[in-house]
Each structure stands twice: as C-alpha cells, then as structure tokens.
>>> print(open('final_7.csv').read())   # CSV, C-alpha atoms
chain,number,residue,atom,x,y,z
A,1,MET,CA,108.3,20.2,-20.1
A,2,SER,CA,107.2,17.7,-17.5
A,3,GLU,CA,109.2,19.4,-14.7
A,4,LYS,CA,107.0,22.5,-14.2
A,5,PRO,CA,103.6,20.8,-13.7
A,6,MET,CA,105.1,18.3,-11.4
A,7,LYS,CA,106.5,21.1,-9.2
A,8,ARG,CA,103.1,22.8,-9.1
A,9,VAL,CA,101.3,19.7,-8.1
A,10,TRP,CA,103.8,19.2,-5.2
A,11,ALA,CA,103.4,22.7,-4.1
A,12,ARG,CA,99.6,22.3,-4.0
A,13,TRP,CA,99.9,19.1,-1.9
A,14,VAL,CA,102.2,20.8,0.6
A,15,VAL,CA,99.8,23.7,1.0
A,16,LEU,CA,96.9,21.4,1.4
A,17,ALA,CA,98.7,19.3,4.0
A,18,ALA,CA,99.8,22.5,5.9
A,19,ILE,CA,96.1,23.7,6.0
A,20,ILE,CA,94.9,20.3,7.2
A,21,LEU,CA,97.6,20.1,9.9
A,22,GLY,CA,96.9,23.6,11.0
A,23,LEU,CA,93.2,22.8,11.4
A,24,PHE,CA,94.1,19.7,13.4
A,25,LEU,CA,96.4,21.5,15.6
A,26,PHE,CA,93.9,24.3,16.2
A,27,THR,CA,91.0,22.1,17.1
A,28,GLY,CA,93.2,19.6,18.9
A,29,PHE,CA,95.1,21.9,21.2
A,30,PHE,CA,93.6,25.3,21.2
A,31,GLY,CA,90.1,24.0,20.8
A,32,ILE,CA,90.3,21.8,23.9
A,33,GLY,CA,92.1,24.6,25.7
A,34,LEU,CA,89.2,26.9,25.0
A,35,GLY,CA,86.7,24.3,26.2
A,36,ILE,CA,85.4,23.2,22.8
A,37,LYS,CA,84.7,19.5,23.2
A,38,PRO,CA,83.3,17.1,20.7
A,39,ILE,CA,79.8,15.9,21.6
A,40,MET,CA,77.8,12.8,20.9
A,41,PRO,CA,74.6,13.9,19.1
A,42,HIS,CA,71.4,12.0,20.1
A,43,VAL,CA,70.7,9.1,17.8
A,44,TYR,CA,67.2,8.8,16.4
A,45,LEU,CA,66.1,5.8,14.3
A,46,PRO,CA,63.1,7.0,12.3
A,47,GLY,CA,63.5,10.1,10.1
A,48,GLU,CA,63.0,13.3,12.2
A,49,LYS,CA,60.1,15.6,11.5
A,50,LEU,CA,61.2,19.1,10.3
A,51,SER,CA,57.7,20.5,10.9
A,52,GLU,CA,54.6,19.4,12.8
A,53,THR,CA,52.2,20.2,9.9
A,54,PRO,CA,51.6,17.2,7.6
A,55,LEU,CA,52.4,17.5,3.9
A,56,PHE,CA,49.4,18.3,1.6
A,57,GLY,CA,47.2,17.9,4.6
A,58,ILE,CA,47.5,14.1,4.6
A,59,ALA,CA,47.6,12.8,8.1
A,60,GLY,CA,50.8,11.0,9.1
A,61,LEU,CA,52.8,12.3,6.1
A,62,TYR,CA,55.3,14.7,7.7
A,63,PRO,CA,58.2,16.5,6.0
A,64,THR,CA,61.1,14.5,7.5
A,65,ASN,CA,64.8,15.1,6.9
A,66,THR,CA,65.1,11.8,5.1
A,67,LEU,CA,62.5,13.1,2.6
A,68,VAL,CA,64.8,16.0,1.9
A,69,GLY,CA,67.6,13.4,1.5
A,70,LEU,CA,65.5,11.5,-1.0
A,71,LEU,CA,64.8,14.7,-3.0
A,72,LEU,CA,68.5,15.4,-3.1
A,73,ALA,CA,69.4,11.9,-4.3
A,74,ASP,CA,66.7,12.2,-7.0
A,75,ILE,CA,67.9,15.6,-8.2
A,76,VAL,CA,71.5,14.3,-8.3
A,77,VAL,CA,70.4,11.3,-10.4
A,78,ILE,CA,68.4,13.5,-12.8
A,79,LEU,CA,71.2,15.9,-13.2
A,80,ILE,CA,73.6,13.1,-14.0
A,81,ALA,CA,71.1,11.8,-16.6
A,82,ILE,CA,70.9,15.3,-18.2
A,83,GLY,CA,74.7,15.6,-18.2
A,84,VAL,CA,75.2,12.2,-19.7
A,85,SER,CA,72.6,12.7,-22.4
A,86,ARG,CA,74.2,16.1,-23.3
A,87,GLY,CA,77.6,14.3,-23.4
A,88,VAL,CA,76.2,11.6,-25.7
A,89,LYS,CA,74.6,14.1,-28.0
A,90,SER,CA,77.8,16.2,-28.3
A,91,GLY,CA,79.0,13.5,-30.8
A,92,LYS,CA,82.4,12.9,-29.1
A,93,THR,CA,83.5,9.3,-29.5
A,94,VAL,CA,85.3,9.4,-26.1
A,95,LEU,CA,83.2,10.8,-23.4
A,96,THR,CA,84.9,13.0,-20.8
A,97,GLY,CA,84.0,14.3,-17.4
A,98,ILE,CA,81.0,13.0,-15.5
A,99,SER,CA,79.5,11.2,-18.5
A,100,GLY,CA,82.8,9.3,-18.9
A,101,ALA,CA,82.7,8.2,-15.3
A,102,VAL,CA,79.0,7.1,-15.6
A,103,GLU,CA,79.9,5.2,-18.8
A,104,ALA,CA,82.7,3.3,-17.0
A,105,LEU,CA,80.3,2.4,-14.1
A,106,LEU,CA,77.5,1.4,-16.4
A,107,GLU,CA,79.8,-0.6,-18.7
A,108,MET,CA,81.0,-2.6,-15.6
A,109,LEU,CA,77.4,-3.2,-14.5
A,110,HIS,CA,76.4,-4.2,-18.1
A,111,GLY,CA,79.2,-6.7,-18.2
A,112,ILE,CA,78.1,-8.3,-14.9
A,113,THR,CA,74.5,-8.5,-16.2
A,114,GLU,CA,75.5,-10.1,-19.5
A,115,GLY,CA,77.4,-12.8,-17.6
A,116,THR,CA,74.5,-13.7,-15.5
A,117,ALA,CA,71.2,-12.9,-17.3
A,118,GLY,CA,72.1,-14.0,-20.8
A,119,LYS,CA,69.3,-13.2,-23.3
A,120,TRP,CA,67.3,-11.2,-20.7
A,121,THR,CA,70.1,-8.6,-20.3
A,122,LYS,CA,68.2,-5.9,-22.2
A,123,GLN,CA,65.2,-6.2,-19.9
A,124,ILE,CA,67.0,-6.7,-16.6
A,125,PHE,CA,69.9,-4.2,-16.9
A,126,PRO,CA,67.7,-1.0,-16.5
A,127,TRP,CA,66.5,-2.2,-13.1
A,128,PHE,CA,70.0,-3.0,-12.0
A,129,ALA,CA,71.5,0.3,-13.1
A,130,THR,CA,68.6,2.4,-11.8
A,131,ILE,CA,68.6,0.9,-8.3
A,132,THR,CA,72.4,1.1,-8.2
A,133,LEU,CA,72.6,4.7,-9.2
A,134,LEU,CA,69.8,5.8,-6.9
A,135,VAL,CA,71.1,3.9,-3.9
A,136,LEU,CA,74.7,5.2,-4.7
A,137,ALA,CA,73.4,8.8,-4.7
A,138,ALA,CA,71.5,8.3,-1.5
A,139,ASN,CA,74.5,6.6,0.3
A,140,TRP,CA,77.0,9.2,-0.8
A,141,SER,CA,74.7,12.1,0.1
A,142,GLY,CA,75.6,11.1,3.7
A,143,LEU,CA,79.2,12.2,3.1
A,144,ILE,CA,78.3,15.8,2.4
A,145,PRO,CA,79.8,18.0,5.2
A,146,GLY,CA,77.0,19.7,7.2
A,147,ASN,CA,74.6,16.8,6.6
A,148,GLU,CA,73.3,15.6,10.0
A,149,THR,CA,75.0,18.5,11.8
A,150,VAL,CA,73.2,21.6,10.4
A,151,GLY,CA,69.6,21.9,11.4
A,152,LEU,CA,66.8,23.2,13.6
A,153,ILE,CA,67.3,23.2,17.4
A,154,HIS,CA,64.5,21.6,19.3
A,155,HIS,CA,63.7,20.6,22.9
A,156,TYR,CA,65.1,17.3,24.0
A,157,ASP,CA,65.3,16.1,27.6
A,158,HIS,CA,68.7,14.5,27.5
A,159,GLY,CA,70.4,17.0,25.2
A,160,TYR,CA,73.0,19.7,25.6
A,161,ASP,CA,73.1,23.4,26.4
A,162,LEU,CA,72.7,26.2,23.9
A,163,LYS,CA,75.6,28.6,23.1
A,164,GLN,CA,76.0,31.5,20.8
A,165,VAL,CA,79.3,31.4,18.8
A,166,GLY,CA,79.4,34.5,16.6
A,167,PRO,CA,76.4,34.3,14.3
A,168,ILE,CA,75.9,30.6,14.9
A,169,THR,CA,73.8,29.1,17.6
A,170,THR,CA,75.0,25.6,18.6
A,171,ILE,CA,74.6,23.0,21.2
A,172,TRP,CA,77.4,22.9,23.6
A,173,ASP,CA,78.6,20.5,26.3
A,174,GLU,CA,79.2,22.6,29.4
A,175,GLY,CA,81.8,20.1,30.5
A,176,THR,CA,80.6,18.7,33.8
A,177,ASP,CA,82.9,15.8,34.7
A,178,ASP,CA,80.2,13.4,36.1
A,179,GLY,CA,79.3,12.3,32.6
A,180,GLU,CA,75.7,13.5,32.8
A,181,HIS,CA,74.3,16.0,30.4
A,182,HIS,CA,72.2,18.8,31.8
A,183,GLY,CA,71.1,20.7,28.8
A,184,GLU,CA,67.7,20.4,27.1
A,185,TYR,CA,68.4,20.9,23.4
A,186,ALA,CA,69.3,18.8,20.4
A,187,ILE,CA,69.5,19.4,16.7
A,188,VAL,CA,67.1,18.1,14.0
A,189,PRO,CA,69.3,18.1,10.9
A,190,PHE,CA,67.9,19.4,7.6
A,191,LEU,CA,69.4,16.6,5.6
A,192,ARG,CA,69.9,13.0,6.4
A,193,PRO,CA,70.8,10.3,3.8
A,194,VAL,CA,67.6,8.6,2.8
A,195,SER,CA,69.1,5.1,3.1
A,196,THR,CA,69.1,5.5,6.9
A,197,ASP,CA,65.3,5.5,6.8
A,198,LEU,CA,63.6,2.1,6.9
A,199,ASN,CA,60.7,3.3,4.8
A,200,PHE,CA,62.9,3.9,1.8
A,201,THR,CA,64.8,0.6,2.0
A,202,PHE,CA,61.5,-1.3,2.5
A,203,ALA,CA,59.9,0.4,-0.5
A,204,LEU,CA,62.8,-0.2,-2.7
A,205,ALA,CA,63.0,-3.9,-1.5
A,206,ILE,CA,59.3,-4.4,-2.3
A,207,VAL,CA,59.7,-2.9,-5.7
A,208,ALA,CA,62.6,-5.2,-6.4
A,209,VAL,CA,60.9,-8.4,-5.2
A,210,VAL,CA,57.6,-7.6,-7.0
A,211,MET,CA,59.6,-7.0,-10.2
A,212,ILE,CA,61.4,-10.3,-9.7
A,213,GLN,CA,58.0,-12.1,-9.7
A,214,VAL,CA,57.0,-10.1,-12.8
A,215,PHE,CA,60.1,-11.3,-14.7
A,216,GLY,CA,59.3,-14.8,-13.6
A,217,PHE,CA,55.8,-14.6,-15.1
A,218,ARG,CA,57.0,-12.8,-18.3
A,219,SER,CA,59.5,-15.6,-19.1
A,220,GLN,CA,57.5,-18.7,-18.1
A,221,GLY,CA,53.9,-17.5,-18.0
A,222,LEU,CA,51.7,-19.2,-15.4
A,223,GLY,CA,54.2,-22.0,-15.2
A,224,TYR,CA,56.2,-19.8,-12.9
A,225,LEU,CA,53.6,-20.7,-10.2
A,226,THR,CA,54.8,-24.3,-10.1
A,227,LYS,CA,57.9,-23.0,-8.4
A,228,PHE,CA,55.7,-22.3,-5.3
A,229,TRP,CA,52.9,-25.0,-5.7
A,230,ASN,CA,54.8,-27.9,-7.0
A,231,THR,CA,52.4,-30.9,-7.5
A,232,LYS,CA,54.0,-32.2,-10.7
A,233,THR,CA,55.8,-35.1,-9.0
A,234,LEU,CA,53.5,-35.5,-6.0
A,235,PHE,CA,51.9,-38.7,-7.2
A,236,SER,CA,54.5,-40.1,-9.6
A,237,LYS,CA,57.3,-40.2,-7.1
A,238,PRO,CA,55.7,-40.6,-3.7
A,239,ILE,CA,58.5,-39.6,-1.2
A,240,PHE,CA,60.4,-37.1,-3.4
A,241,GLY,CA,57.2,-35.6,-4.6
A,242,VAL,CA,56.3,-34.6,-1.1
A,243,ILE,CA,59.7,-33.2,-0.6
A,244,ASP,CA,59.4,-31.1,-3.8
A,245,PHE,CA,56.1,-29.8,-2.6
A,246,GLY,CA,57.6,-28.8,0.7
A,247,VAL,CA,60.5,-27.1,-1.1
A,248,GLY,CA,57.9,-25.1,-3.1
A,249,ILE,CA,56.4,-23.8,0.1
A,250,LEU,CA,59.8,-22.9,1.3
A,251,GLU,CA,60.4,-20.9,-1.9
A,252,LEU,CA,57.3,-18.9,-1.1
A,253,VAL,CA,58.7,-18.1,2.4
A,254,SER,CA,62.1,-17.2,0.9
A,255,GLU,CA,60.5,-14.6,-1.4
A,256,ILE,CA,59.1,-12.8,1.6
A,257,SER,CA,62.3,-13.0,3.5
A,258,LYS,CA,64.0,-11.5,0.5
A,259,VAL,CA,62.1,-8.3,1.2
A,260,LEU,CA,63.3,-8.3,4.8
A,261,SER,CA,66.9,-9.1,3.9
A,262,PHE,CA,67.1,-6.4,1.1
A,263,ALA,CA,65.6,-3.8,3.4
A,264,PHE,CA,67.6,-4.5,6.5
A,265,ARG,CA,70.9,-5.0,4.7
A,266,LEU,CA,71.0,-1.5,3.2
A,267,PHE,CA,69.4,0.2,6.3
A,268,GLY,CA,71.6,-1.6,8.8
A,269,ASN,CA,74.8,-0.8,6.9
A,270,MET,CA,74.1,2.9,6.3
A,271,PHE,CA,72.6,3.6,9.7
A,272,ALA,CA,75.4,1.9,11.5
A,273,GLY,CA,77.8,3.9,9.4
A,274,ALA,CA,76.2,7.1,10.4
A,275,VAL,CA,76.3,6.1,14.1
A,276,LEU,CA,79.9,5.0,13.7
A,277,LEU,CA,80.9,8.4,12.4
A,278,PHE,CA,79.1,10.1,15.4
A,279,VAL,CA,80.8,7.9,17.9
A,280,ILE,CA,84.3,8.2,16.5
A,281,GLY,CA,83.9,11.9,16.2
A,282,SER,CA,82.8,12.2,19.8
A,283,LEU,CA,85.7,10.0,21.0
A,284,VAL,CA,88.6,11.5,18.9
A,285,PRO,CA,88.0,15.1,17.8
A,286,VAL,CA,90.6,15.1,15.0
A,287,PHE,CA,91.9,12.8,12.2
A,288,ALA,CA,90.3,9.5,13.3
A,289,GLN,CA,87.0,10.4,11.7
A,290,SER,CA,88.7,10.9,8.3
A,291,MET,CA,89.7,7.2,8.2
A,292,PHE,CA,86.1,6.1,8.8
A,293,TYR,CA,84.9,8.6,6.3
A,294,LEU,CA,86.9,6.7,3.7
A,295,LEU,CA,85.5,3.4,4.9
A,296,GLU,CA,81.9,4.8,4.6
A,297,PHE,CA,82.7,5.9,1.0
A,298,PHE,CA,83.5,2.3,0.1
A,299,ILE,CA,80.6,0.8,2.1
A,300,GLY,CA,78.2,3.2,0.3
A,301,LEU,CA,79.5,2.0,-3.1
A,302,ILE,CA,79.6,-1.7,-2.2
A,303,GLN,CA,76.1,-1.7,-0.7
A,304,ALA,CA,74.7,0.1,-3.7
A,305,ILE,CA,76.2,-2.5,-6.1
A,306,VAL,CA,75.2,-5.4,-3.8
A,307,PHE,CA,71.5,-4.2,-3.7
A,308,GLY,CA,71.5,-3.9,-7.5
A,309,MET,CA,73.4,-7.1,-8.1
A,310,LEU,CA,71.2,-9.2,-5.9
A,311,THR,CA,68.1,-7.8,-7.6
A,312,MET,CA,69.7,-8.7,-11.0
A,313,VAL,CA,70.7,-12.2,-9.9
A,314,PHE,CA,67.3,-13.0,-8.5
A,315,MET,CA,65.6,-11.7,-11.6
A,316,SER,CA,67.8,-13.8,-13.9
A,317,GLN,CA,67.1,-16.8,-11.6
A,318,ALA,CA,63.4,-16.2,-12.0
A,319,THR,CA,63.7,-16.1,-15.8
A,320,GLN,CA,65.5,-19.5,-15.8
A,321,GLY,CA,62.8,-22.0,-14.8
A,322,HIS,CA,63.6,-24.9,-12.5
A,323,GLY,CA,63.0,-27.6,-15.1
A,324,GLU,CA,64.6,-25.7,-17.9
A,325,HIS,CA,67.8,-25.1,-15.9
A,326,HIS,CA,67.9,-28.9,-15.1
A,327,GLU,CA,67.7,-29.9,-18.7
A,328,GLU,CA,70.5,-27.4,-19.6
A,329,ALA,CA,72.8,-29.0,-17.0
A,330,HIS,CA,72.5,-32.5,-18.5
B,331,MET,CA,68.1,2.2,35.8
B,332,GLU,CA,68.0,-1.6,35.9
B,333,ALA,CA,66.0,-1.7,32.7
B,334,GLU,CA,68.6,0.6,31.1
B,335,ALA,CA,71.4,-1.8,32.1
B,336,ALA,CA,69.4,-4.8,30.8
B,337,LYS,CA,69.0,-2.9,27.5
B,338,LEU,CA,72.7,-2.3,27.2
B,339,ILE,CA,73.6,-5.9,28.0
B,340,GLY,CA,70.9,-7.2,25.6
B,341,ALA,CA,72.3,-5.0,22.8
B,342,GLY,CA,75.7,-6.4,23.4
B,343,LEU,CA,74.5,-10.0,23.5
B,344,ALA,CA,72.6,-9.5,20.2
B,345,MET,CA,75.9,-8.7,18.4
B,346,ILE,CA,77.3,-12.2,19.3
B,347,GLY,CA,75.7,-13.4,16.1
B,348,ALA,CA,78.4,-11.4,14.2
B,349,ILE,CA,80.8,-14.2,15.0
B,350,GLY,CA,79.2,-16.5,12.4
B,351,ALA,CA,79.1,-13.8,9.7
B,352,GLY,CA,82.8,-13.0,10.3
B,353,ALA,CA,83.7,-16.7,9.9
B,354,GLY,CA,81.5,-17.0,6.9
B,355,ILE,CA,83.1,-14.0,5.1
B,356,GLY,CA,86.5,-15.4,5.8
B,357,VAL,CA,85.6,-18.8,4.3
B,358,VAL,CA,84.1,-17.2,1.2
B,359,THR,CA,87.0,-14.9,0.6
B,360,SER,CA,89.6,-17.6,1.2
B,361,GLY,CA,87.9,-19.9,-1.3
B,362,ALA,CA,87.6,-17.1,-3.8
B,363,VAL,CA,91.2,-16.1,-3.5
B,364,GLN,CA,92.3,-19.7,-3.9
B,365,ALA,CA,90.1,-20.1,-7.0
B,366,MET,CA,91.5,-16.9,-8.5
B,367,SER,CA,95.1,-17.8,-8.0
B,368,ARG,CA,94.5,-21.2,-9.6
B,369,ASN,CA,92.5,-19.8,-12.5
B,370,PRO,CA,93.2,-16.1,-13.1
B,371,GLU,CA,91.1,-15.9,-16.3
B,372,MET,CA,88.0,-16.5,-14.2
B,373,THR,CA,88.7,-13.6,-11.8
B,374,GLY,CA,85.7,-11.5,-13.0
B,375,THR,CA,83.1,-14.2,-12.5
B,376,ILE,CA,84.6,-15.4,-9.2
B,377,GLN,CA,84.7,-11.8,-7.8
B,378,THR,CA,81.0,-11.3,-8.7
B,379,ASN,CA,80.0,-14.5,-6.9
B,380,MET,CA,82.3,-13.7,-4.0
B,381,ILE,CA,80.6,-10.4,-3.4
B,382,LEU,CA,77.2,-12.1,-3.6
B,383,GLY,CA,78.4,-14.7,-1.0
B,384,ILE,CA,79.8,-12.0,1.2
B,385,ALA,CA,76.6,-10.1,1.0
B,386,PHE,CA,74.5,-13.1,2.1
B,387,ALA,CA,76.9,-13.9,4.9
B,388,GLU,CA,77.0,-10.3,6.0
B,389,ALA,CA,73.2,-10.0,6.0
B,390,VAL,CA,73.1,-12.2,9.1
B,391,ALA,CA,75.5,-9.8,11.0
B,392,ILE,CA,73.4,-6.9,9.8
B,393,TYR,CA,70.2,-8.5,11.3
B,394,CYS,CA,72.1,-8.7,14.6
B,395,LEU,CA,73.1,-5.1,14.2
B,396,VAL,CA,69.6,-3.9,13.5
B,397,VAL,CA,68.3,-5.8,16.5
B,398,SER,CA,70.8,-4.2,18.8
B,399,LEU,CA,70.2,-0.8,17.3
B,400,LEU,CA,66.4,-1.2,17.8
B,401,ILE,CA,67.1,-2.3,21.4
B,402,LEU,CA,69.3,0.7,22.0
B,403,PHE,CA,67.4,3.5,20.3
B,404,VAL,CA,63.8,2.5,19.9
B,405,PHE,CA,62.6,0.5,22.9
>>> encode(input="final_7.csv", output="structure tokens")
Amino acid sequence: MSEKPMKRVWARWVVLAAIILGLFLFTGFFGIGLGIKPIMPHVYLPGEKLSETPLFGIAGLYPTNTLVGLLLADIVVILIAIGVSRGVKSGKTVLTGISGAVEALLEMLHGITEGTAGKWTKQIFPWFATITLLVLAANWSGLIPGNETVGLIHHYDHGYDLKQVGPITTIWDEGTDDGEHHGEYAIVPFLRPVSTDLNFTFALAIVAVVMIQVFGFRSQGLGYLTKFWNTKTLFSKPIFGVIDFGVGILELVSEISKVLSFAFRLFGNMFAGAVLLFVIGSLVPVFAQSMFYLLEFFIGLIQAIVFGMLTMVFMSQATQGHGEHHEEAH
Amino acid sequence: MEAEAAKLIGAGLAMIGAIGAGAGIGVVTSGAVQAMSRNPEMTGTIQTNMILGIAFAEAVAIYCLVVSLLILFVF
C-alpha cells in the first residue's frame, strides 16, 4: 500500500527538478547567448511614490509602494484571523491546515511568555503575538515573486534602456562593456515589503516602547517613576545614592535608545536582505539567489520573533519593579 | 568623482564595526551551547536568552549597516 504513493512522490520530484534545471539551462546559456543580462536595479531607501497626488488631499502623504505592502500584510493577518476563528468554531479538537500552523506558532510564543512574564502573561501575550504576526507577514511579503520587480517605469538619470519583449515593457542593459549605463529609465515597483520602510519600523517601535511604560505604570502605579528619578537613597547613603540617581537618568536615556534600536534592527535587516538579493541576482543570474532566498526566509522569521520577544521581555521587566525584584532574589 | 570615492570608502569603513558584533555573537552562542550540553533540560530557557543576547549583539552590526546604507544611498 505504501509503495504506490512513494513512487508518485518521487515522480513529482523528478519532474520538478527537470523543470528547474531546464529553466536554469535556458537562462544560463541561451539567455546570455541572446543578450539577456541580469541588471542591478537602483536602490532607493525611502518608499517610492506611486503617484504624485497626495492621498486624501493631505500634503506629504503620498501613496508609496511600502504603503501597498502594509495593506497586503494587514490583509494577510486579517485573513489568517478569520481562518483561525472559523477553524476554532468548527469544533474539531485537532486543528488542521492554517489554523493548526498558527496554533503551533502561538503555543510556542505563549510558552516563552509564560516563562518570562509570569502572572502578567495574559496582558502581555497579545502584544507579543500581534507584533510577531504583523512583522512576520510584512517580512515574508518580500519573498513573493514579482515584488520589487513589477511596477511603473519612470525617468531616472542613471537607469537603463527600455525594451519591448512581447507584451511586456522592461528595462534592459544594452551591454556596453565600459561598465557605464546610458539608459534613462528605472522601475518603481508596485509592492515593497513594509519593513523596508523606516516609517513603519519607527512607528511600531514607538508603540512598543510607549506600551512598555504603560505596563510599568499599570503594575507599580506612580512608583514606576522612581526608576528614572531615584532620590530614595540620595541622602541616606551619600555616595551610592548619587550613583543610583545617575543610573536612573541612564535608564531614561536607555528608554529612548530602545526606540532607535528596535526601529533600526528590523529596518536594517530587511532592507539589507532586499539589497543582498538584488546584488546576488545581478552577479549570478541562476541558482545563487535561491540560497539567499532561503536565508531571507529565516531572517524574516527570526527578526519577527526577536522584535516581539524583546517587547515582551522589556514589558515583563517593567512590571517587575527594581525593589520588588531585589527582595525576591534574597 | 572624488566625493563619490570618499563615499564608497566611508561606507566600507563604517562596516568595520561588524567585527565586534561577530565576536559577540560567537561568545554568546559558545556559552549557550556549553550550557545546553551540561544541562539539556534547560535548553528552552537558554535558547530564548541566547536569541535575546544575539539580537542585542547583532543590533550593533545593524547600526553600522544602516550608517553605510545611508552613506551609499541617501547622501
């Protein structure tokens, strides 16, 4: 009984491998023979404008391609939520399909939260899970084929030439050997992962850090402020009191640097990943990019979990006061 | 053209900071692996803390990367 499915699976793999090898051979030999060369798209740090008219008539609010990426990530998260709630309502004890996968992920995240946050798990876990799922959807949207390559053609001084290939207009390197480009066109892609936009990562980081302070106040009331303005021991212990006061000021600085560190960590990883894929694709036309694609898959997952987990750890640190923690240790 | 060359050199120099992050990640991971091999029941907790430590060490390299990306593509 187990013979037949095994055979079928093998046949499928062989056909897949043959298709992939054929594509590689085609682009690798015939493509270069025909003059098709991989090109390095121009790298643009802020999100590119898809249209010059501001959204809703608000000055400065342009429809950028990272905004499209944000909408895509939001829609994916909402669809997952609908799918999971349907799966839960179906009454099955063992969830299957997408809801089973989400259950496994959330169970892992919940386990980590329970180990760190203790009695505040119920309040902190939703933030952890929401941030992780949104950032995960945003990061993985960068792996959709056609993303960052399909878009509007616009004028750009150091770009490439235009060429009509069948129904598709594309930018094309005419293949001068002096290494200079002479064309004047570049592509503004329709879709770009939103985590390659500094605005998104900064907004998410500010939300996370503000909520960390909110959790501090919820658990300790106004006593949370003594973490930053520590005059408790200033007069009773002359030298160490002054040091404690200085540490409090440093804590205030570290809250601000948390925003920077959150924002730049996610942005730097995802933007550098996109640039890495461009560069590898322009150097080696076939196969090499696939390896880095896999690397980006893992980096997207790890960065999503790291962003969520750091938020969770800082929140649970804020709920455990300085003094309270000290007493527990003794 | 000279400003262009200086930009490229500067972007390269900015990435020197990645040395420290690389060494840091190595130290964190070696410590975590030693701890896990001595005390396999604690693997879950150690892994969580290891990823946190790696994230902090890596952040420094990412700052360098952001600086060099800004030099290359913005200024």
>>> residues_around(input="final_7.csv", residues="Gln377 (chain B)", least_positions_apart="6", cutoff="10 Å", atoms="only C-alpha atoms", output="PyMOL selection string")
chain B and resi 359+362-363+365-366+383
>>> residues_around(input="final_7.csv", residues="Ile401 (chain B)", least_positions_apart="2", cutoff="12 Å", atoms="only C-alpha atoms", output="ChimeraX atom specification")
/A:45 /B:333-345,394-399,403-405
>>> residues_around(input="final_7.csv", residues="Leu72 (chain A)", least_positions_apart="3", cutoff="10 Å", atoms="only C-alpha atoms", output="PyMOL selection string")
chain A and resi 66-69+75-78+137-138+141+191-194
>>> interface_residues(input="final_7.csv", of="chain B", to="chain A", cutoff="9 Å", atoms="only C-alpha atoms", output="PyMOL selection string")
chain B and resi 374-375+378+381-382+385-386+388-390+392-393+395-396+399-400+403-404
>>> residues_around(input="final_7.csv", residues="region 121-125 of chain A", least_positions_apart="4", cutoff="7 Å", atoms="all atoms listed in the file", output="list in words")
His110, Thr113, Glu114, Ala117, Ala129 and Met312 of chain A
>>> atom_distance(input="final_7.csv", atom1="CA of Ile355 (chain B)", atom2="CA of Phe298 (chain A)")
17.1 Å
>>> atom_distance(input="final_7.csv", atom1="CA of Lys258 (chain A)", atom2="CA of Ala387 (chain B)")
13.8 Å
>>> atom_distance(input="final_7.csv", atom1="CA of Phe240 (chain A)", atom2="CA of Phe217 (chain A)")
25.8 Å
>>> closest_residue(input="final_7.csv", among="A:Pro41, A:Gly91, A:Gly308, A:Gly22", to="Thr170 (chain A)", atoms="only C-alpha atoms")
A:Pro41
>>> closest_residue(input="final_7.csv", among="A:Gln320, A:Thr169, A:Thr53, A:Asn65", to="Gly223 (chain A)", atoms="all atoms listed in the file")
A:Gln320
>>> residues_around(input="final_7.csv", residues="Ile249 (chain A)", least_positions_apart="6", cutoff="9 Å", atoms="only C-alpha atoms", output="list in words")
Lys227, Phe228, Trp229 and Asn230 of chain A
